[in-house]
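Student: Take a look at upload.csv, CSV, C-alpha atoms:
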```
chain,number,residue,atom,x,y,z
N,166,MET,CA,40.3,-16.5,75.2
N,167,ALA,CA,41.0,-19.9,73.6
N,168,SER,CA,44.7,-20.8,73.2
N,169,THR,CA,45.6,-20.5,69.5
N,170,ASN,CA,48.6,-22.6,69.2
N,171,ASN,CA,48.6,-25.3,71.9
N,172,ARG,CA,50.8,-23.2,74.2
N,173,PRO,CA,49.3,-22.6,77.6
N,174,SER,CA,47.8,-19.3,78.6
N,175,TYR,CA,48.4,-17.5,81.8
N,176,ILE,CA,46.6,-15.4,84.4
N,177,LEU,CA,48.5,-13.1,86.7
N,178,ARG,CA,46.6,-12.2,89.9
N,179,TYR,CA,48.1,-9.1,91.4
N,180,PHE,CA,47.5,-5.5,92.5
N,181,ASP,CA,47.4,-2.5,90.1
N,182,MET,CA,51.1,-1.7,90.8
N,183,ILE,CA,54.6,-2.3,89.6
N,184,GLY,CA,55.8,-4.0,92.8
N,185,ASN,CA,56.4,-7.7,92.5
N,186,GLY,CA,54.3,-8.2,89.4
N,187,GLU,CA,55.9,-6.1,86.7
N,188,SER,CA,58.8,-8.5,85.9
N,189,THR,CA,56.1,-11.2,85.3
N,190,ARG,CA,54.1,-8.9,83.0
N,191,LEU,CA,57.2,-8.0,81.0
N,192,MET,CA,58.3,-11.7,80.5
N,193,LEU,CA,54.8,-12.8,79.5
N,194,THR,CA,54.6,-10.0,77.0
N,195,ALA,CA,58.1,-10.5,75.6
N,196,ALA,CA,57.4,-14.2,75.1
N,197,ASN,CA,54.3,-13.4,73.1
N,198,VAL,CA,52.1,-15.9,75.0
N,199,GLU,CA,48.5,-15.3,75.8
N,200,TRP,CA,47.9,-13.8,79.2
N,201,THR,CA,45.5,-11.7,81.2
N,202,GLU,CA,45.5,-10.1,84.6
N,203,GLU,CA,43.1,-10.3,87.5
N,204,ARG,CA,42.9,-7.7,90.2
N,205,PRO,CA,41.3,-9.5,93.2
N,206,GLU,CA,39.4,-7.4,95.7
N,207,TRP,CA,41.6,-7.0,98.6
N,208,PRO,CA,41.6,-8.2,101.4
N,209,GLN,CA,38.3,-10.0,100.6
N,210,GLU,CA,40.0,-12.4,98.2
N,211,LYS,CA,43.0,-13.0,100.6
N,212,ALA,CA,41.5,-16.3,101.9
N,213,ASN,CA,41.0,-17.6,98.3
N,214,GLN,CA,44.7,-17.5,97.5
N,215,PRO,CA,47.0,-20.5,98.1
N,216,PHE,CA,49.1,-18.7,100.7
N,217,GLY,CA,46.9,-15.6,101.3
N,218,ARG,CA,49.2,-13.4,99.2
N,219,LEU,CA,49.7,-12.0,95.7
N,220,PRO,CA,51.0,-12.4,93.1
N,221,VAL,CA,49.6,-15.8,92.0
N,222,LEU,CA,50.2,-17.3,88.6
N,223,ILE,CA,47.7,-19.6,86.9
N,224,GLU,CA,48.8,-21.6,83.9
N,225,LYS,CA,45.9,-22.9,81.9
N,226,SER,CA,46.7,-26.0,79.8
N,227,THR,CA,45.3,-26.7,76.3
N,228,ASP,CA,44.6,-30.4,77.0
N,229,GLY,CA,42.0,-30.1,79.8
N,230,SER,CA,44.4,-31.0,82.6
N,231,PRO,CA,43.9,-28.9,85.8
N,232,ASP,CA,45.3,-25.4,86.1
N,233,PHE,CA,48.8,-25.2,87.5
N,234,VAL,CA,48.8,-22.6,90.2
N,235,ILE,CA,51.9,-21.1,91.9
N,236,CYS,CA,52.8,-18.2,94.1
N,237,GLU,CA,55.8,-16.3,95.5
N,238,SER,CA,57.0,-13.6,93.0
N,239,GLY,CA,60.5,-15.0,92.7
N,240,ASN,CA,59.2,-18.5,92.2
N,241,ILE,CA,56.8,-17.3,89.5
N,242,GLU,CA,59.5,-15.3,87.8
N,243,ARG,CA,62.0,-18.2,87.8
N,244,TYR,CA,59.3,-20.6,86.5
N,245,LEU,CA,58.4,-18.3,83.6
N,246,GLY,CA,62.1,-17.4,83.1
N,247,ARG,CA,63.0,-21.0,82.6
N,248,THR,CA,59.8,-22.0,80.7
N,249,LEU,CA,59.9,-19.0,78.4
N,250,GLY,CA,63.7,-18.9,77.9
N,251,PHE,CA,64.9,-15.8,79.8
N,252,ILE,CA,67.0,-17.9,82.2
N,253,PRO,CA,69.9,-19.9,80.7
N,254,ALA,CA,69.8,-23.7,80.9
N,255,ASP,CA,73.3,-23.8,82.3
N,256,LEU,CA,73.0,-23.9,86.1
N,257,ARG,CA,75.9,-21.6,86.8
N,258,LYS,CA,74.8,-19.0,84.3
N,259,ALA,CA,71.3,-19.3,85.7
N,260,ALA,CA,72.5,-18.8,89.3
N,261,LEU,CA,74.4,-15.6,88.4
N,262,GLN,CA,71.2,-14.2,87.0
N,263,GLU,CA,68.9,-15.5,89.8
N,264,GLN,CA,71.1,-13.8,92.4
N,265,VAL,CA,70.5,-10.5,90.7
N,266,ARG,CA,66.8,-11.0,91.1
N,267,ASP,CA,67.2,-12.1,94.7
N,268,GLN,CA,69.1,-8.9,95.4
N,269,THR,CA,66.5,-6.7,93.8
N,270,PHE,CA,64.0,-8.4,96.1
N,271,ASP,CA,66.2,-7.5,99.1
N,272,VAL,CA,66.2,-3.9,98.0
N,273,ILE,CA,62.4,-3.8,97.5
N,274,THR,CA,61.8,-5.7,100.7
N,275,SER,CA,64.0,-3.2,102.5
N,276,PHE,CA,61.8,-0.3,101.3
N,277,ALA,CA,58.7,-2.3,102.3
N,278,GLY,CA,60.1,-2.4,105.8
N,279,PHE,CA,60.3,1.4,105.8
N,280,VAL,CA,56.7,1.6,104.6
N,281,ARG,CA,55.4,-0.7,107.4
N,282,SER,CA,57.2,1.2,110.2
N,283,THR,CA,55.2,3.4,112.5
N,284,SER,CA,57.6,5.2,114.9
N,285,GLU,CA,59.9,7.9,113.7
N,286,GLU,CA,63.0,6.0,114.8
N,287,ASP,CA,62.0,2.9,113.0
N,288,LYS,CA,61.2,4.8,109.8
N,289,LYS,CA,64.6,6.5,109.9
N,290,ALA,CA,66.5,3.2,110.5
N,291,ARG,CA,64.6,1.4,107.8
N,292,LEU,CA,65.0,4.2,105.3
N,293,ASP,CA,68.8,4.4,106.0
N,294,ALA,CA,69.0,0.6,105.5
N,295,PHE,CA,67.1,0.9,102.2
N,296,TRP,CA,69.5,3.6,100.8
N,297,GLU,CA,72.5,1.5,101.9
N,298,ILE,CA,71.4,-1.6,100.1
N,299,LEU,CA,70.3,0.4,97.0
N,300,ASP,CA,73.8,2.1,96.9
N,301,LYS,CA,75.4,-1.4,97.0
N,302,TYR,CA,73.2,-2.7,94.2
N,303,ILE,CA,74.0,0.3,92.0
N,304,ALA,CA,77.7,-0.1,92.7
N,305,VAL,CA,77.9,-3.8,92.0
N,306,TYR,CA,75.7,-3.8,88.9
N,307,SER,CA,77.1,-0.6,87.3
N,308,LYS,CA,80.5,-2.4,87.3
N,309,HIS,CA,78.9,-5.5,85.9
N,310,ILE,CA,77.3,-3.6,83.0
N,311,GLN,CA,80.7,-1.9,82.4
N,312,ASP,CA,82.5,-5.3,82.5
N,313,ASN,CA,80.0,-6.6,80.0
N,314,GLY,CA,81.0,-4.1,77.4
N,315,ASN,CA,78.7,-1.3,78.5
N,316,THR,CA,76.0,-2.2,76.0
N,317,GLY,CA,73.3,-1.8,78.6
N,318,TYR,CA,72.9,-5.6,79.2
N,319,LEU,CA,74.0,-7.4,82.3
N,320,PHE,CA,74.9,-10.6,80.5
N,321,GLY,CA,75.5,-11.3,76.9
N,322,ASN,CA,73.9,-9.0,74.4
N,323,SER,CA,70.2,-9.6,74.6
N,324,LEU,CA,67.4,-9.0,77.1
N,325,SER,CA,67.8,-11.4,80.0
N,326,PHE,CA,66.0,-12.2,83.2
N,327,ALA,CA,68.6,-10.1,85.1
N,328,ASP,CA,68.0,-7.1,82.9
N,329,ILE,CA,64.3,-7.3,83.4
N,330,THR,CA,64.5,-7.6,87.2
N,331,THR,CA,67.0,-4.7,87.4
N,332,TYR,CA,64.8,-2.5,85.2
N,333,VAL,CA,61.8,-3.2,87.4
N,334,LEU,CA,63.8,-2.4,90.6
N,335,PHE,CA,64.5,1.1,89.3
N,336,LYS,CA,61.0,1.5,88.1
N,337,ASN,CA,59.8,0.7,91.6
N,338,VAL,CA,62.3,3.1,93.2
N,339,LEU,CA,61.8,6.0,90.9
N,340,ILE,CA,58.1,5.7,90.1
N,341,GLY,CA,56.3,3.0,92.1
N,342,PHE,CA,57.6,4.0,95.5
N,343,ALA,CA,56.6,7.6,95.1
N,344,LYS,CA,53.1,6.5,96.4
N,345,PHE,CA,54.7,5.9,99.8
N,346,LYS,CA,57.4,8.6,99.8
N,347,GLU,CA,56.6,11.5,97.5
N,348,ASP,CA,60.1,12.9,97.2
N,349,ILE,CA,61.9,9.5,96.7
N,350,ALA,CA,63.0,10.3,93.1
N,351,ASP,CA,64.8,13.5,94.3
N,352,TYR,CA,67.0,11.3,96.4
N,353,ALA,CA,67.3,8.3,94.1
N,354,LYS,CA,68.0,10.1,90.8
N,355,PRO,CA,71.4,11.5,91.7
N,356,LYS,CA,72.5,8.0,92.7
N,357,LEU,CA,71.9,6.6,89.2
N,358,THR,CA,75.1,5.9,87.2
N,359,PRO,CA,75.4,6.2,83.4
N,360,GLU,CA,75.5,2.4,83.3
N,361,ILE,CA,72.2,2.0,85.1
N,362,ILE,CA,70.6,4.7,82.9
N,363,LYS,CA,71.9,2.9,79.9
N,364,LEU,CA,70.3,-0.4,81.0
N,365,ILE,CA,67.0,1.4,81.6
N,366,SER,CA,66.9,2.9,78.1
N,367,THR,CA,68.1,-0.4,76.6
N,368,VAL,CA,65.2,-2.4,78.2
N,369,GLU,CA,62.6,0.3,77.3
N,370,ALA,CA,63.8,0.1,73.7
N,371,GLU,CA,63.2,-3.7,73.4
N,372,PRO,CA,60.6,-4.2,70.7
N,373,SER,CA,59.2,-7.4,72.4
N,374,ILE,CA,57.9,-5.5,75.3
N,375,SER,CA,57.0,-2.2,73.6
N,376,LYS,CA,53.3,-3.0,73.9
N,377,ILE,CA,53.2,-2.6,77.7
N,378,VAL,CA,56.5,-1.3,79.0
N,379,PHE,CA,55.3,2.3,79.2
N,380,LYS,CA,51.9,1.5,80.8
N,381,SER,CA,53.4,1.8,84.2
N,382,GLY,CA,55.4,4.9,83.3
N,383,ASP,CA,58.3,6.1,81.1
N,384,LEU,CA,61.4,5.4,83.2
N,385,SER,CA,63.9,6.8,80.7
N,386,ALA,CA,62.1,10.1,80.8
N,387,ALA,CA,61.8,10.0,84.5
N,388,VAL,CA,65.6,9.6,85.0
N,389,LYS,CA,66.4,12.5,82.6
N,390,ALA,CA,63.9,15.0,83.9
P,158,PRO,CA,84.2,-30.0,92.7
P,159,SER,CA,84.4,-29.1,96.4
P,160,TYR,CA,82.7,-26.3,98.2
P,161,THR,CA,83.3,-23.6,100.8
P,162,LEU,CA,80.3,-22.1,102.6
P,163,ARG,CA,81.0,-18.7,104.1
P,164,TYR,CA,78.5,-17.9,106.8
P,165,PHE,CA,78.0,-17.1,110.5
P,166,ASP,CA,78.0,-19.8,113.2
P,167,ALA,CA,74.2,-19.9,113.1
P,168,ILE,CA,71.2,-21.9,111.7
P,169,ASP,CA,69.4,-18.9,110.1
P,170,ASN,CA,70.0,-18.9,106.3
P,171,GLY,CA,72.9,-21.4,106.4
P,172,GLU,CA,71.5,-24.6,107.7
P,173,SER,CA,69.6,-25.7,104.6
P,174,ILE,CA,72.9,-25.2,102.6
P,175,ARG,CA,74.8,-27.4,105.1
P,176,LEU,CA,72.1,-30.1,104.9
P,177,LEU,CA,71.9,-29.9,101.1
P,178,LEU,CA,75.7,-30.1,100.7
P,179,THR,CA,75.8,-33.1,103.1
P,180,ALA,CA,72.9,-34.9,101.3
P,181,ALA,CA,74.6,-34.3,98.0
P,182,ASN,CA,77.6,-36.2,99.4
P,183,VAL,CA,80.2,-33.6,98.1
P,184,GLU,CA,83.4,-32.4,99.8
P,185,TRP,CA,82.7,-29.2,101.6
P,186,LYS,CA,83.9,-27.0,104.5
P,187,GLU,CA,82.8,-23.9,106.2
P,188,GLU,CA,84.4,-20.5,106.9
P,189,HIS,CA,83.2,-18.0,109.5
P,190,PRO,CA,84.4,-14.6,108.3
P,191,GLU,CA,85.2,-11.9,110.9
P,192,TRP,CA,82.2,-9.7,110.8
P,193,PRO,CA,81.7,-6.9,109.8
P,194,ARG,CA,85.4,-6.7,108.9
P,195,GLU,CA,85.0,-9.1,106.0
P,196,LYS,CA,81.9,-7.4,104.7
P,197,PRO,CA,83.6,-5.6,101.8
P,198,ASN,CA,85.3,-8.8,100.7
P,199,GLN,CA,82.0,-10.4,99.8
P,200,PRO,CA,80.4,-10.0,96.3
P,201,PHE,CA,77.3,-8.2,97.7
P,202,GLY,CA,78.5,-7.4,101.3
P,203,ARG,CA,76.4,-10.2,102.8
P,204,LEU,CA,76.5,-13.9,103.8
P,205,PRO,CA,76.1,-16.7,102.9
P,206,VAL,CA,78.4,-17.0,100.0
P,207,LEU,CA,79.2,-20.3,98.2
P,208,VAL,CA,82.5,-20.9,96.6
P,209,GLU,CA,82.7,-23.9,94.2
P,210,LYS,CA,86.3,-25.0,93.5
P,211,SER,CA,86.8,-26.9,90.3
P,212,THR,CA,89.1,-29.8,89.9
P,213,ASP,CA,90.5,-28.6,86.5
P,214,GLY,CA,92.1,-25.4,87.6
P,215,SER,CA,89.3,-23.1,86.2
P,216,PRO,CA,88.5,-20.1,88.5
P,217,ASP,CA,86.3,-20.5,91.5
P,218,PHE,CA,82.6,-20.1,90.9
P,219,ILE,CA,81.1,-17.8,93.5
P,220,ILE,CA,77.5,-17.1,94.2
P,221,CYS,CA,75.5,-15.5,97.0
P,222,GLU,CA,71.8,-15.1,98.2
P,223,SER,CA,70.8,-18.1,100.3
P,224,GLY,CA,67.8,-19.2,98.2
P,225,ASN,CA,70.0,-19.0,95.0
P,226,ILE,CA,72.7,-21.1,96.7
P,227,GLU,CA,70.2,-23.7,97.9
P,228,ARG,CA,68.6,-24.0,94.5
P,229,TYR,CA,71.9,-24.2,92.7
P,230,ILE,CA,73.1,-27.1,94.9
P,231,ALA,CA,69.7,-28.8,94.8
P,232,ARG,CA,69.5,-28.7,91.0
P,233,THR,CA,73.1,-29.7,90.4
P,234,TYR,CA,72.8,-32.7,92.7
P,235,GLY,CA,69.3,-33.9,91.9
P,236,LEU,CA,67.6,-32.7,95.1
P,237,LEU,CA,65.1,-30.6,93.2
P,238,PRO,CA,63.0,-32.3,90.4
P,239,ALA,CA,64.1,-31.6,86.9
P,240,ASP,CA,60.4,-31.0,85.9
P,241,LEU,CA,59.9,-27.2,86.1
P,242,LYS,CA,56.4,-27.5,87.6
P,243,GLU,CA,57.3,-29.9,90.3
P,244,ALA,CA,60.4,-27.8,91.1
P,245,ALA,CA,58.2,-24.7,91.3
P,246,LEU,CA,55.9,-26.3,93.9
P,247,GLN,CA,58.9,-27.0,96.1
P,248,GLU,CA,60.6,-23.6,95.5
P,249,GLN,CA,57.5,-21.7,96.5
P,250,LEU,CA,57.6,-23.5,99.9
P,251,ARG,CA,61.2,-22.3,100.4
P,252,ASP,CA,60.3,-18.8,99.4
P,253,GLN,CA,57.4,-18.8,102.0
P,254,ILE,CA,59.9,-20.0,104.7
P,255,THR,CA,62.0,-16.9,103.8
P,256,ASP,CA,58.9,-14.8,104.3
P,257,VAL,CA,58.4,-16.3,107.7
P,258,ILE,CA,62.1,-15.9,108.7
P,259,THR,CA,62.1,-12.3,107.4
P,260,ALA,CA,59.0,-11.5,109.4
P,261,PHE,CA,60.9,-12.5,112.5
P,262,ALA,CA,64.0,-10.6,111.4
P,263,ASP,CA,61.9,-7.5,111.0
P,264,PHE,CA,60.7,-8.0,114.6
P,265,LEU,CA,64.3,-8.2,115.8
P,266,ARG,CA,65.2,-5.0,114.0
P,267,ALA,CA,62.2,-3.1,115.3
P,268,ILE,CA,63.0,-0.3,117.8
P,269,SER,CA,59.8,1.2,119.2
P,270,GLU,CA,57.4,-0.8,121.2
P,271,GLU,CA,54.6,-0.3,118.7
P,272,ASP,CA,56.7,-1.5,115.8
P,273,LYS,CA,57.9,-4.5,117.9
P,274,LYS,CA,54.3,-5.5,118.7
P,275,ALA,CA,53.2,-5.1,115.1
P,276,ARG,CA,56.1,-7.1,113.7
P,277,LEU,CA,55.7,-9.9,116.2
P,278,GLU,CA,52.0,-10.2,115.4
P,279,ALA,CA,52.8,-10.3,111.7
P,280,PHE,CA,55.3,-13.1,112.3
P,281,GLY,CA,52.8,-15.1,114.3
P,282,GLU,CA,50.2,-14.7,111.6
P,283,ILE,CA,52.5,-15.8,108.7
P,284,LEU,CA,53.9,-18.7,110.8
P,285,ASP,CA,50.3,-19.9,111.5
P,286,LYS,CA,49.5,-19.8,107.8
P,287,PHE,CA,52.6,-21.8,106.9
P,288,ILE,CA,51.8,-24.5,109.4
P,289,ALA,CA,48.2,-24.7,108.3
P,290,VAL,CA,49.0,-25.0,104.6
P,291,TYR,CA,51.8,-27.5,104.9
P,292,SER,CA,50.2,-29.7,107.6
P,293,LYS,CA,47.4,-30.2,105.0
P,294,LEU,CA,49.9,-31.0,102.3
P,295,ILE,CA,51.7,-33.6,104.5
P,296,GLN,CA,48.3,-35.1,105.2
P,297,GLU,CA,47.3,-35.2,101.5
P,298,ASN,CA,50.7,-36.7,100.7
P,299,GLY,CA,49.8,-39.8,102.7
P,300,ASN,CA,51.0,-38.6,106.0
P,301,THR,CA,54.4,-40.2,105.6
P,302,GLY,CA,56.2,-37.1,106.9
P,303,HIS,CA,57.3,-36.1,103.4
P,304,LEU,CA,55.9,-33.1,101.7
P,305,PHE,CA,56.3,-34.5,98.2
P,306,GLY,CA,56.7,-38.1,97.0
P,307,SER,CA,58.3,-40.6,99.4
P,308,SER,CA,61.9,-39.5,99.9
P,309,LEU,CA,63.8,-36.6,101.2
P,310,SER,CA,63.2,-33.5,99.1
P,311,PHE,CA,64.4,-29.9,98.9
P,312,ALA,CA,61.1,-28.9,100.4
P,313,ASP,CA,61.5,-31.3,103.4
P,314,ILE,CA,64.9,-29.9,104.1
```
Write the structure described by the file as structure tokens, please.

Tutor:
Amino acid sequence: MASTNNRPSYILRYFDMIGNGESTRLMLTAANVEWTEERPEWPQEKANQPFGRLPVLIEKSTDGSPDFVICESGNIERYLGRTLGFIPADLRKAALQEQVRDQTFDVITSFAGFVRSTSEEDKKARLDAFWEILDKYIAVYSKHIQDNGNTGYLFGNSLSFADITTYVLFKNVLIGFAKFKEDIADYAKPKLTPEIIKLISTVEAEPSISKIVFKSGDLSAAVKA
Amino acid sequence: PSYTLRYFDAIDNGESIRLLLTAANVEWKEEHPEWPREKPNQPFGRLPVLVEKSTDGSPDFIICESGNIERYIARTYGLLPADLKEAALQEQLRDQITDVITAFADFLRAISEEDKKARLEAFGEILDKFIAVYSKLIQENGNTGHLFGSSLSFADI
């Protein structure tokens, strides 16, 4: 696909899952840039990645300069967030949003620790730790949404980096993680506060992402059912 | 402004912050909160926390998450490049270090012998990968001991 307006185009290399790729998909879509996705054969393609892991982002320039390739999901999200305008230029405002993303990653990583465990005692300990950090996240950010006027946004009154990452966290917990723990939604749904539910429906109503937001599932419907 | 770092008396996820604050040549001090007693008094129940105290009486600016703190200090004091692409190449290295440290933390938390063995192997594997990738980068950067350019960077710290 040739770039139509001198803006670079992007390739996201990731698995067919929400995981640590969905925030990138949503930002690329919301910014209305050209992008495609590659699903490398795994683990055959592991050795061909810069650090043997996914996601990887490739930015293809319009002027013939070499591709710019980066990895690490948070790094990719912050690079796109800054480049495409989802992260404020002010360093303090940016830091307050970036910490939200880092905390969603702590929650997701906590669940990954449960998935990796083999013994029953390890599984129990890791699952307990996951619920604990999820509870903390819900408490802190429900209050934040309330303090921000209860509009469903974490900061200001339009879709931000922090909103996207929060939405993706709950999409992972309620939909994505079911692959690893079938009944997870039964435990997670009662924990959701009205503020978190409002953020979820606010994000899903954003016109700029309507093209893809439901591809990985209808989260507003999932939290009501 | 001056800074307070709240952390444990350990290297872990605090040492880069100490080095960055020192390299930035700002006034800073450290607090070692009683733990876990002080847990509820932190914004997200975890350490490190950075408190930035202004000189004009405005409220303290408080942030947490070690990578976030490091990037904030580095950007504010010019230790991360302003160019977004150059910054991303350094930030990804830091995130990979987190992956390595987390892999070891997972090993420490493991209970059963089988989990301990699996987690320790995973740590060894990712550490080997880190060493291979960044030894090559140091070589390709002229083997001066710097990862990027010719002076101390975020990535080097």

Student: Work out how far CA of Asn213 in chain N is from CA of Asp285 in chain P, in Å to one decimal.

Tutor: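 Separation between CA of Asp285 in chain P and CA of Asn213 in chain N: 16.3 Å.
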
Student: Write down, as number ranges by chain, each residue of chain P that has any atom within 10 Å of an atom of chain N, counting all atoms listed in the file.

Tutor: P: 200-202, 218-226, 228-230, 232-233, 241-242, 244-253, 256, 259-260, 263, 266-273, 275-276, 283, 286-287, 289-290

Student: If we count all atoms listed in the file, what is near Leu204 in chain P at a cut-off of 12 Å, once residues fewer than 3 positions away on the same chain are taken out, given as an MDAnalysis selection string?

Tutor: chainID P and resid 162:167 169:171 174 188:193 195:201 207:208 219:224 226

Student: Would you list the contacts of Glu199 in chain N as a VMD selection string, taking every protein, DNA or RNA residue within 8 Å and counting only C-alpha atoms, but skipping same-chain residues closer than 3 positions in sequence?

Tutor: chain N and resid 168 173 to 175 193

Student: Extract range 382-390 of chain N from the coordinates I pasted, and write it as a short mmCIF file (atom, residue, chain, number, x, y, z; two decimals), in the first residue's frame (atoms kept: all heavy atoms).

Tutor:
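What ended up in part.cif:
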```cif
data_model
loop_
_atom_site.label_atom_id
_atom_site.label_comp_id
_atom_site.auth_asym_id
_atom_site.auth_seq_id
_atom_site.Cartn_x
_atom_site.Cartn_y
_atom_site.Cartn_z
N GLY N 382 -14.22 -8.07 20.24
CA GLY N 382 -15.30 -8.31 21.19
C GLY N 382 -16.02 -7.04 21.59
O GLY N 382 -15.48 -5.95 21.47
N ASP N 383 -17.25 -7.19 22.06
CA ASP N 383 -18.06 -6.06 22.52
C ASP N 383 -17.97 -6.04 24.05
O ASP N 383 -18.67 -6.81 24.73
CB ASP N 383 -19.50 -6.26 22.04
CG ASP N 383 -20.41 -5.09 22.39
OD1 ASP N 383 -20.15 -4.41 23.40
OD2 ASP N 383 -21.40 -4.87 21.67
N LEU N 384 -17.12 -5.18 24.57
CA LEU N 384 -16.88 -5.20 26.01
C LEU N 384 -18.05 -4.61 26.79
O LEU N 384 -18.40 -5.10 27.86
CB LEU N 384 -15.58 -4.45 26.33
CG LEU N 384 -15.10 -4.51 27.78
CD1 LEU N 384 -14.89 -5.95 28.21
CD2 LEU N 384 -13.83 -3.71 27.96
N SER N 385 -18.70 -3.57 26.26
CA SER N 385 -19.86 -2.99 26.95
C SER N 385 -20.94 -4.04 27.14
O SER N 385 -21.55 -4.13 28.20
CB SER N 385 -20.45 -1.82 26.14
OG SER N 385 -19.49 -0.84 25.91
N ALA N 386 -21.16 -4.85 26.09
CA ALA N 386 -22.15 -5.91 26.20
C ALA N 386 -21.71 -6.96 27.21
O ALA N 386 -22.51 -7.44 28.02
CB ALA N 386 -22.38 -6.55 24.83
N ALA N 387 -20.43 -7.28 27.20
CA ALA N 387 -19.89 -8.30 28.10
C ALA N 387 -20.04 -7.90 29.56
O ALA N 387 -20.28 -8.75 30.42
CB ALA N 387 -18.44 -8.59 27.78
N VAL N 388 -19.91 -6.61 29.85
CA VAL N 388 -20.01 -6.21 31.26
C VAL N 388 -21.45 -6.10 31.73
O VAL N 388 -21.72 -6.10 32.92
CB VAL N 388 -19.23 -4.90 31.57
CG1 VAL N 388 -17.79 -5.04 31.15
CG2 VAL N 388 -19.86 -3.68 30.97
N LYS N 389 -22.39 -6.02 30.76
CA LYS N 389 -23.80 -5.93 31.16
C LYS N 389 -24.41 -7.31 31.36
O LYS N 389 -25.22 -7.53 32.23
CB LYS N 389 -24.60 -5.19 30.07
CG LYS N 389 -24.41 -3.72 30.10
CD LYS N 389 -25.46 -3.01 29.22
CE LYS N 389 -25.03 -1.56 28.96
NZ LYS N 389 -24.37 -1.44 27.64
N ALA N 390 -24.00 -8.24 30.52
CA ALA N 390 -24.64 -9.57 30.46
C ALA N 390 -24.66 -10.30 31.80
O ALA N 390 -23.71 -10.20 32.56
CB ALA N 390 -23.95 -10.43 29.43
#
```
